[in-house]
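Right, one structure below, let's go through it.
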Amino acid sequence: MMKNKTNVKWKKRAATIVMSLCLLMGLMPLKVFAAGSPAQLPVYTIESAGGGYVESDETATFTSSADFTLGAVYNEYTNCVNIDYYNANDPSMLDDGYDILVECNISLQFTNPTGDSPTGDSISGEITIPLPSGYDGATARTIDGVTARSYTETTVTFPVTLVVYSGNAFTQLYVEYHTHSYGDWQKDETNHWRECTCGEKADSAAHSYDNDADTTCNVCGYVRTVTASTPSITGGQNEKWTQGSANELIFTSNAPLSEFISVTIDGQVVDEKNYVKEEGSTIIKLKADYLSTLSAGNHTISINSTSGSATTAFTIEETAKSSSGAATDNTPKTGDNNNLFLWTTMLCISGFAILGTLIYSKKEKNIK
Ligand SMILES: [Zn+2]
Ligand SMILES: [Zn+2]
């Protein structure tokens with residue numbers, strides 16, 4: 001029984017010690033951060049005139065380039081970031097083109113991992129603070145002209161150097177922001193955009209036209225030069241049709257059928273009853289009845305569309321009968337020359353023969 005009593009006593013004592021330790025830890029928790037690992041800090045803000053720092057639901061992040069130990073947050077001035085959105089708005093401090101100045105004080109109770117609280121040292125790192133609503137992180141810079149190292153839609157990050165004095169590290173940042181002011185449309189051959197005096201671009205997009213023929217951008221008014229592409233014959237170039245044939249002659253223009261106006265042959269508009277027109281892009285089929293009315297020889301057909309005329313030549317050849325005659329005509333000239341040579345030779349030979357006969361008979365007469 002005695003043994004048990006002492007055990008209970010000891011257990012109670014141990015519990016008290018643990019509880020005391022916990023209480024102590026609770027009052028002064030120490031957090032150790034390795035170099036590069038971010039420490040989250042509460043943010044206290046002043047939003048309006050005459051107000052003191054009030055704890056906000058925003059947070060800041062300090063990332064040190066050396067290992068460090070961060071103490072507890074005792075009040076609105078220790079181990080936190082104080083952001084003054086109101087009192088720093090002194091127009092005389094703002095640079096031209098900037099319209100809000102934010103004072104940011106970073107205070108940390110700072111010890112290195114061995115427990116030292118160095119004096120006179122400086123600790124470098126970076127601080128990520130909330131971006132004032134309605135501003136673009138791209139516009140953020142310190143009044144010394146240092147631009148943000150990076151930014152997101154809600155935060156902006158600056159390099160900082162904290163001066164350590166008796167274990168307290170401190171620095172002050174004055175960050176100014178501006179509201180972008182985009183002027184008139186800027187434009188080049190393909191795009192339009194607006195540009196702020198800070199160089200930030202917005203609304204960048206390709207010009208917008210109603211169709212391929214439209215020359216003026218609907219957004220910025222840029223005027224382009226449209227080189228009208230005249231249509232051309234893509235099928236049926238230099239086609240031939242033989243008289244008496246029942247076939248059609250088919251010609252294709254690459255102009256859309258919707259732009260079709262007329263067909264002209266040798267400059268004369270052809271009555272629509274003489275052809276069939278089909279989609280693809282514009283297909284014209286000249287009927288055999290009509291082709292038979294054309295004279296043999298070369299002709300020119302134009303398929304006329306709103307975008308221009310596609311033109312090619314075609315030939316009407318005579319019927320098979322006369323075309324065999326034409327084939328004789330087409331025999332090489334050397335053949336004709338040979339015939340002529342033959343005839344001339346024969347003529348000469350017969351000439352000489354006649355002459356010879358005459359001379360011979362004369363001689364015979366003389367002898368007689
Ligand atoms: Zn701007
Ligand atoms: Zn445009």
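Residues in the structure tokens are named by chain (A, B, ... in the order shown) and by number from 1 within that chain; ligands are numbered from 1 in the order shown.
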Q.
If the limit is 6 Å from any atom of ligand 1, counting only C-alpha atoms and all ligand atoms, which residues qualify? Return them as a ChimeraX atom specification.
A. /A:180-181,196-198,200
Q: Would you list the residues that come within 7 Å of ligand 2? Count only C-alpha atoms and all ligand atoms and give the answer as number ranges by chain.
A: A: 187, 191-192, 206-208, 217-222
Residue neighbourhood stretch 255-258 of chain A, 6 Å, only C-alpha atoms, exclusion window fewer than 2 positions, as a compact mmCIF listing (two decimals) with C-alpha atoms, in the first residue's frame:
```
# COMPACT_ATOMS: atom_id res chain seq x y z
CA PRO A 231 -9.24 33.21 -109.17
CA SER A 253 -12.38 27.92 -111.23
CA PHE A 260 -20.08 33.43 -109.66
CA GLU A 279 -20.25 23.66 -106.56
CA SER A 281 -15.38 25.61 -106.14
CA THR A 282 -17.02 26.71 -109.44
```
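Relative to atom CA of A:Asn105, atom CA of A:Asp84 is found at 8.5 Å.
The closest residue to A:Ala49, picked from A:Val164, A:Ala88, A:Ala66, A:Ala138 and counting only C-alpha atoms, is A:Ala88.
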Q.
Applying 12 Å and only C-alpha atoms, which residues near A:Val146 remain after dropping the ones on its own chain fewer than 2 positions away? List them as a list in words.
A. Ala138, Thr139, Ala140, Arg141, Thr142, Ile143, Asp144, Ala148, Arg149, Ser150, Thr157, Phe158, Pro159, Val160, Leu173, Tyr174, Val175 and Glu176 of chain A
Q.
Taking only stretch 270-329 of chain A into account, list the residues labelled strand (DSSP E or B) by DSSP (computed from the backbone), as number ranges by chain.
A. A: 275-279, 282-286, 297-305, 308-317
Grab the residues selected above and save them as a short mmCIF file (atom, residue, chain, number, x, y, z; two decimals), in the first residue's frame with N, CA and C atoms.
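Saved result, selection.cif, follows:
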```
data_model
loop_
_atom_site.label_atom_id
_atom_site.label_comp_id
_atom_site.auth_asym_id
_atom_site.auth_seq_id
_atom_site.Cartn_x
_atom_site.Cartn_y
_atom_site.Cartn_z
N TYR A 275 -24.79 25.95 -120.34
CA TYR A 275 -23.87 25.24 -119.43
C TYR A 275 -24.57 24.93 -118.12
N VAL A 276 -23.93 24.03 -117.40
CA VAL A 276 -24.40 23.67 -116.06
C VAL A 276 -23.32 24.14 -115.10
N LYS A 277 -23.71 24.79 -114.02
CA LYS A 277 -22.68 25.19 -113.04
C LYS A 277 -22.92 24.42 -111.74
N GLU A 278 -21.78 24.00 -111.15
CA GLU A 278 -21.85 23.17 -109.94
C GLU A 278 -20.85 23.67 -108.91
N GLU A 279 -21.12 23.31 -107.70
CA GLU A 279 -20.25 23.66 -106.56
C GLU A 279 -18.94 22.87 -106.65
N THR A 282 -16.02 26.43 -108.40
CA THR A 282 -17.02 26.71 -109.44
C THR A 282 -16.73 25.79 -110.62
N ILE A 283 -17.64 24.89 -110.88
CA ILE A 283 -17.45 23.96 -112.01
C ILE A 283 -18.45 24.34 -113.10
N ILE A 284 -17.92 24.56 -114.33
CA ILE A 284 -18.77 24.91 -115.47
C ILE A 284 -18.68 23.78 -116.49
N LYS A 285 -19.86 23.25 -116.87
CA LYS A 285 -19.90 22.17 -117.86
C LYS A 285 -20.58 22.73 -119.11
N LEU A 286 -19.76 22.97 -120.18
CA LEU A 286 -20.32 23.47 -121.44
C LEU A 286 -20.99 22.32 -122.15
N GLY A 297 -11.02 25.58 -134.06
CA GLY A 297 -9.90 26.47 -133.76
C GLY A 297 -9.81 26.78 -132.28
N ASN A 298 -9.04 27.79 -131.98
CA ASN A 298 -8.78 28.13 -130.57
C ASN A 298 -9.80 29.13 -130.04
N HIS A 299 -10.19 28.92 -128.79
CA HIS A 299 -11.14 29.80 -128.11
C HIS A 299 -10.63 30.08 -126.70
N THR A 300 -11.23 31.11 -126.09
CA THR A 300 -10.86 31.45 -124.72
C THR A 300 -12.11 31.47 -123.87
N ILE A 301 -12.04 30.81 -122.71
CA ILE A 301 -13.18 30.82 -121.78
C ILE A 301 -12.76 31.52 -120.50
N SER A 302 -13.66 32.36 -119.97
CA SER A 302 -13.44 33.00 -118.68
C SER A 302 -14.61 32.68 -117.77
N ILE A 303 -14.28 32.22 -116.56
CA ILE A 303 -15.32 32.05 -115.53
C ILE A 303 -15.20 33.28 -114.65
N ASN A 304 -16.22 34.14 -114.71
CA ASN A 304 -16.16 35.44 -114.03
C ASN A 304 -16.83 35.38 -112.66
N SER A 305 -16.07 35.83 -111.65
CA SER A 305 -16.59 35.86 -110.28
C SER A 305 -16.34 37.26 -109.72
N GLY A 308 -12.84 38.22 -109.53
CA GLY A 308 -12.06 38.29 -110.76
C GLY A 308 -12.41 37.17 -111.72
N SER A 309 -11.64 37.09 -112.82
CA SER A 309 -11.93 36.09 -113.85
C SER A 309 -10.83 35.06 -113.95
N ALA A 310 -11.24 33.80 -114.04
CA ALA A 310 -10.29 32.71 -114.29
C ALA A 310 -10.41 32.35 -115.77
N THR A 311 -9.28 32.37 -116.48
CA THR A 311 -9.32 32.23 -117.93
C THR A 311 -8.39 31.13 -118.42
N THR A 312 -8.85 30.40 -119.45
CA THR A 312 -7.98 29.42 -120.12
C THR A 312 -8.39 29.30 -121.59
N ALA A 313 -7.51 28.72 -122.39
CA ALA A 313 -7.83 28.48 -123.80
C ALA A 313 -8.39 27.07 -123.96
N PHE A 314 -9.17 26.86 -125.02
CA PHE A 314 -9.59 25.50 -125.38
C PHE A 314 -9.71 25.44 -126.89
N THR A 315 -9.71 24.24 -127.44
CA THR A 315 -9.70 24.07 -128.89
C THR A 315 -10.89 23.24 -129.34
N ILE A 316 -11.53 23.71 -130.42
CA ILE A 316 -12.56 22.89 -131.07
C ILE A 316 -11.87 22.26 -132.29
N GLU A 317 -11.84 20.96 -132.30
CA GLU A 317 -11.21 20.27 -133.42
C GLU A 317 -12.27 19.81 -134.40
#
```
Q | Residues within 9 Å of A:Pro91, only C-alpha atoms, excluding chain neighbours under 3 positions, as a ChimeraX atom specification | A | /A:88,94-95,99-101
Q: Between A:Gly236, A:Gly183, A:Gly199, A:Gly52, single out the one closest to A:Glu76, counting only C-alpha atoms.
A: A:Gly52
Q. Which one of A:Gln40, A:Tyr177, A:Thr154, A:Lys31 sits closest to A:Glu103 if you count only C-alpha atoms?
A.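 Ranking A:Gln40, A:Tyr177, A:Thr154, A:Lys31 by distance to A:Glu103, first place goes to A:Tyr177.
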Q: Pick out the closest residue to A:Ala35 from this set: A:Glu126, A:Asp121, A:Asp57, A:Glu195. Count only C-alpha atoms.
A: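 Of A:Glu126, A:Asp121, A:Asp57, A:Glu195, the one nearest A:Ala35, counting only C-alpha atoms, is A:Glu126.
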